[in-house]
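Enquirer: Dropping a structure here in structure tokens format, bear with me for questions.
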Amino acid sequence: MSAPTLVTVDDVRAAADRLRGSIMRTPLIPAPWADPQRPLWIKPESLQVIGAFKVRGALNAIGRIDPDVRTRGVVAYSSGNHAQAVAYAAARFGIDAHIVMPEQTPAVKVARTREHGARVVLCGAGRREAVAAQLVEETGATLVPPFDHPDVIAGQGTIGLEIAEDLPDVGTVLIPVSGGGLASGIGTAIRALCPDARIYGVEPELAADTAAGLRRGSRVSMSIE
């Protein structure tokens, strides 16, 4: 097994150049409930066209695929935001998107993914990756994973660049963990540009697989679709 490709701040900068004009540069908004002595700023990625930061990684990853290969389309697996992001990005590039979603995915998320022109393939619980691999084999399309891909991580990391530009003296950055792509990308940018800042990954107590994995010393699965 080859070593993972580590994303650098230069990769994130290249992603920012690639995404310029295709995404919203979201502002930092002061939280009115914060302690005046310790201001808290919110970065509202819900303002993106699909309602989530995932569009950054999807556009960057698809934009990095060789044009001749990209014409075969893309495959993704997701129960929501990544599905919509890849469907939207594929439509922007004029290519087919095959999105694998669990059967229990809320109908509104499936509908929104289809609205972008994607083919949605529903599957049983725990089958997303296997079905996606089968679609790649059948179609010759390129898999765009939801988080563990250097181009996806670099795209999400553009959020960190914007934070560093808008608040260069930031003391603490709190990032939702989930699959880790967002935290990896933002962490890379902040560590390079704001080296004195403290970076914390945040996750729900009832879905704290990252914290549990760090305690155990190996990956822990919460079996969440």
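The chains in the structure tokens are called A, B, ... from first to last as shown; in each chain the residues are counted from 1, and the ligands are counted from 1 in the order shown.
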Residues of chain A in helix (DSSP H, G or I) according to DSSP, as number ranges by chain?
Expert: A: 9-19, 45-47, 54-64, 67-70, 81-93, 107-115, 128-139, 150-166, 181-193, 205-207, 209-216
Enquirer: Counting only C-alpha atoms, what is within 7 Å of Val220 in chain A, bar same-chain residues fewer than 6 positions away, as a list in words?
Expert: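 Once the adjacent positions are removed, what remains is Asp209, Ala212 and Gly213 of chain A.
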Enquirer: For the residues in the current selection, export N, CA, C and O atoms as a compact mmCIF listing (two decimals), in the first residue's frame.
Expert:
# COMPACT_ATOMS: atom_id res chain seq x y z
N ASP A 209 -16.35 9.31 16.52
CA ASP A 209 -15.48 8.22 16.09
C ASP A 209 -14.01 8.63 16.01
O ASP A 209 -13.11 7.82 16.25
N ALA A 212 -12.68 8.57 19.58
CA ALA A 212 -12.56 7.17 19.99
C ALA A 212 -11.38 6.49 19.32
O ALA A 212 -10.65 5.70 19.94
N GLY A 213 -11.16 6.80 18.04
CA GLY A 213 -10.03 6.22 17.32
C GLY A 213 -8.70 6.68 17.87
O GLY A 213 -7.75 5.89 17.96
Enquirer: Quick one: residues within 10 Å of range 52-58 of chain A, only C-alpha atoms, excluding same-chain residues fewer than 6 positions away - as a ChimeraX atom specification?
Expert: /A:15-16,18-19,22-24,26,44-46,64,76,80-90,144-147,149-159,181-182,185
Enquirer: Take the residues just selected and output them with C-alpha atoms as a PDB file, in the first residue's frame.
Expert:
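Output (again_12.pdb):
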ATOM      1  CA  ALA A  15      -7.242  25.036  -5.704  1.00  0.00           C
ATOM      2  CA  ALA A  16      -8.202  28.614  -4.808  1.00  0.00           C
ATOM      3  CA  ARG A  18      -8.960  26.989  -9.887  1.00  0.00           C
ATOM      4  CA  LEU A  19     -12.157  27.801  -7.978  1.00  0.00           C
ATOM      5  CA  SER A  22     -17.024  29.367  -9.324  1.00  0.00           C
ATOM      6  CA  ILE A  23     -17.754  29.508  -5.596  1.00  0.00           C
ATOM      7  CA  MET A  24     -18.807  32.113  -3.068  1.00  0.00           C
ATOM      8  CA  THR A  26     -17.983  33.446   2.296  1.00  0.00           C
ATOM      9  CA  PRO A  44     -21.419  30.518   6.697  1.00  0.00           C
ATOM     10  CA  GLU A  45     -20.667  27.929   4.031  1.00  0.00           C
ATOM     11  CA  SER A  46     -24.416  27.351   3.873  1.00  0.00           C
ATOM     12  CA  ARG A  64      -8.146  18.244 -11.858  1.00  0.00           C
ATOM     13  CA  ALA A  76     -19.577   9.486  -6.016  1.00  0.00           C
ATOM     14  CA  GLY A  80     -26.371  14.272   1.031  1.00  0.00           C
ATOM     15  CA  ASN A  81     -24.049  17.235   0.586  1.00  0.00           C
ATOM     16  CA  HIS A  82     -21.235  15.543  -1.350  1.00  0.00           C
ATOM     17  CA  ALA A  83     -23.845  13.968  -3.632  1.00  0.00           C
ATOM     18  CA  GLN A  84     -25.278  17.369  -4.497  1.00  0.00           C
ATOM     19  CA  ALA A  85     -21.819  18.912  -4.812  1.00  0.00           C
ATOM     20  CA  VAL A  86     -20.567  16.324  -7.306  1.00  0.00           C
ATOM     21  CA  ALA A  87     -23.834  16.449  -9.250  1.00  0.00           C
ATOM     22  CA  TYR A  88     -23.590  20.244  -9.456  1.00  0.00           C
ATOM     23  CA  ALA A  89     -19.892  20.210 -10.397  1.00  0.00           C
ATOM     24  CA  ALA A  90     -20.443  17.549 -13.059  1.00  0.00           C
ATOM     25  CA  VAL A 144     -14.674  11.359  -6.507  1.00  0.00           C
ATOM     26  CA  PRO A 145     -14.599  10.325  -2.800  1.00  0.00           C
ATOM     27  CA  PRO A 146     -16.330  12.497  -0.197  1.00  0.00           C
ATOM     28  CA  PHE A 147     -13.244  13.339   1.867  1.00  0.00           C
ATOM     29  CA  HIS A 149      -8.765  12.502  -1.675  1.00  0.00           C
ATOM     30  CA  PRO A 150      -6.007  15.137  -1.991  1.00  0.00           C
ATOM     31  CA  ASP A 151      -7.897  17.266  -4.526  1.00  0.00           C
ATOM     32  CA  VAL A 152     -11.054  17.212  -2.410  1.00  0.00           C
ATOM     33  CA  ILE A 153      -9.027  18.131   0.680  1.00  0.00           C
ATOM     34  CA  ALA A 154      -7.256  20.964  -1.153  1.00  0.00           C
ATOM     35  CA  GLY A 155     -10.600  22.338  -2.316  1.00  0.00           C
ATOM     36  CA  GLN A 156     -12.015  22.349   1.198  1.00  0.00           C
ATOM     37  CA  GLY A 157      -8.765  23.939   2.401  1.00  0.00           C
ATOM     38  CA  THR A 158      -9.577  27.119   0.496  1.00  0.00           C
ATOM     39  CA  ILE A 159     -11.813  27.958   3.456  1.00  0.00           C
ATOM     40  CA  GLY A 181     -11.462  16.244   4.562  1.00  0.00           C
ATOM     41  CA  LEU A 182     -12.583  19.666   5.758  1.00  0.00           C
ATOM     42  CA  GLY A 185      -7.703  21.077   4.305  1.00  0.00           C
TER      43      GLY A 185
END
Enquirer: Have a look at CA of Arg25 in chain A and CA of Asp166 in chain A and let me know their distance in Å, one decimal.
Expert: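 Atom-to-atom, CA of Arg25 in chain A to CA of Asp166 in chain A, that is 10.8 Å.
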Enquirer: Pick from A:Ala97, A:Val12, A:Val121, A:Ile29: nearest to Leu161 in chain A, with only C-alpha atoms counted?
Expert: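 Nearest to Leu161 in chain A: A:Val12.
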Enquirer: Quick one: everything within 12 Å of Ala130 in chain A, counting only C-alpha atoms, minus sequence neighbours fewer than 3 positions away in the same chain. Send it as a JSON list (two decimals) with N, CA, C and O atoms, in the first residue's frame.
Expert:
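Result saved to selection05.json:
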[["chain", "number", "residue", "atom", "x", "y", "z"],
["A", 75, "VAL", "N", -18.20, 9.30, -10.58],
["A", 75, "VAL", "CA", -19.00, 8.52, -9.65],
["A", 75, "VAL", "C", -18.73, 9.04, -8.25],
["A", 75, "VAL", "O", -17.58, 9.39, -7.92],
["A", 76, "ALA", "N", -19.76, 9.10, -7.41],
["A", 76, "ALA", "CA", -19.58, 9.49, -6.02],
["A", 76, "ALA", "C", -20.56, 8.72, -5.16],
["A", 76, "ALA", "O", -21.57, 8.21, -5.66],
["A", 77, "TYR", "N", -20.23, 8.61, -3.88],
["A", 77, "TYR", "CA", -21.18, 8.01, -2.93],
["A", 77, "TYR", "C", -21.34, 8.98, -1.76],
["A", 77, "TYR", "O", -20.39, 9.55, -1.25],
["A", 100, "VAL", "N", -24.21, 7.32, -5.83],
["A", 100, "VAL", "CA", -24.73, 6.23, -5.02],
["A", 100, "VAL", "C", -25.18, 6.80, -3.67],
["A", 100, "VAL", "O", -24.40, 7.46, -2.98],
["A", 101, "MET", "N", -26.45, 6.55, -3.32],
["A", 101, "MET", "CA", -27.01, 7.06, -2.08],
["A", 101, "MET", "C", -27.73, 5.93, -1.34],
["A", 101, "MET", "O", -28.35, 5.08, -1.98],
["A", 102, "PRO", "N", -27.67, 5.89, -0.01],
["A", 102, "PRO", "CA", -28.39, 4.86, 0.74],
["A", 102, "PRO", "C", -29.90, 4.97, 0.53],
["A", 102, "PRO", "O", -30.43, 6.07, 0.34],
["A", 123, "CYS", "N", -28.91, 2.26, -2.74],
["A", 123, "CYS", "CA", -28.33, 0.98, -2.30],
["A", 123, "CYS", "C", -28.67, 0.73, -0.84],
["A", 123, "CYS", "O", -29.10, 1.63, -0.12],
["A", 124, "GLY", "N", -28.43, -0.50, -0.40],
["A", 124, "GLY", "CA", -28.66, -0.87, 0.99],
["A", 124, "GLY", "C", -27.60, -0.29, 1.90],
["A", 124, "GLY", "O", -26.54, 0.17, 1.45],
["A", 125, "ALA", "N", -27.89, -0.31, 3.19],
["A", 125, "ALA", "CA", -26.96, 0.23, 4.19],
["A", 125, "ALA", "C", -25.60, -0.46, 4.11],
["A", 125, "ALA", "O", -25.51, -1.68, 3.96],
["A", 126, "GLY", "N", -24.54, 0.35, 4.17],
["A", 126, "GLY", "CA", -23.19, -0.19, 4.15],
["A", 126, "GLY", "C", -22.69, -0.63, 2.79],
["A", 126, "GLY", "O", -21.60, -1.22, 2.69],
["A", 127, "ARG", "N", -23.43, -0.34, 1.73],
["A", 127, "ARG", "CA", -23.06, -0.82, 0.39],
["A", 127, "ARG", "C", -22.58, 0.29, -0.54],
["A", 127, "ARG", "O", -22.28, 0.05, -1.70],
["A", 133, "ALA", "N", -17.83, 1.35, -6.64],
["A", 133, "ALA", "CA", -16.73, 0.68, -7.34],
["A", 133, "ALA", "C", -17.25, -0.08, -8.56],
["A", 133, "ALA", "O", -16.60, -0.10, -9.62],
["A", 134, "GLN", "N", -18.41, -0.69, -8.42],
["A", 134, "GLN", "CA", -19.01, -1.40, -9.55],
["A", 134, "GLN", "C", -19.37, -0.44, -10.68],
["A", 134, "GLN", "O", -19.16, -0.74, -11.86],
["A", 135, "LEU", "N", -19.90, 0.73, -10.33],
["A", 135, "LEU", "CA", -20.24, 1.73, -11.34],
["A", 135, "LEU", "C", -19.00, 2.25, -12.07],
["A", 135, "LEU", "O", -19.03, 2.48, -13.28],
["A", 136, "VAL", "N", -17.92, 2.43, -11.33],
["A", 136, "VAL", "CA", -16.66, 2.87, -11.96],
["A", 136, "VAL", "C", -16.23, 1.84, -13.00],
["A", 136, "VAL", "O", -15.82, 2.18, -14.12],
["A", 137, "GLU", "N", -16.31, 0.56, -12.64],
["A", 137, "GLU", "CA", -15.91, -0.51, -13.55],
["A", 137, "GLU", "C", -16.82, -0.55, -14.78],
["A", 137, "GLU", "O", -16.36, -0.75, -15.90],
["A", 143, "LEU", "N", -13.92, 8.02, -9.84],
["A", 143, "LEU", "CA", -14.50, 8.13, -8.50],
["A", 143, "LEU", "C", -14.03, 9.42, -7.84],
["A", 143, "LEU", "O", -12.84, 9.73, -7.83]]
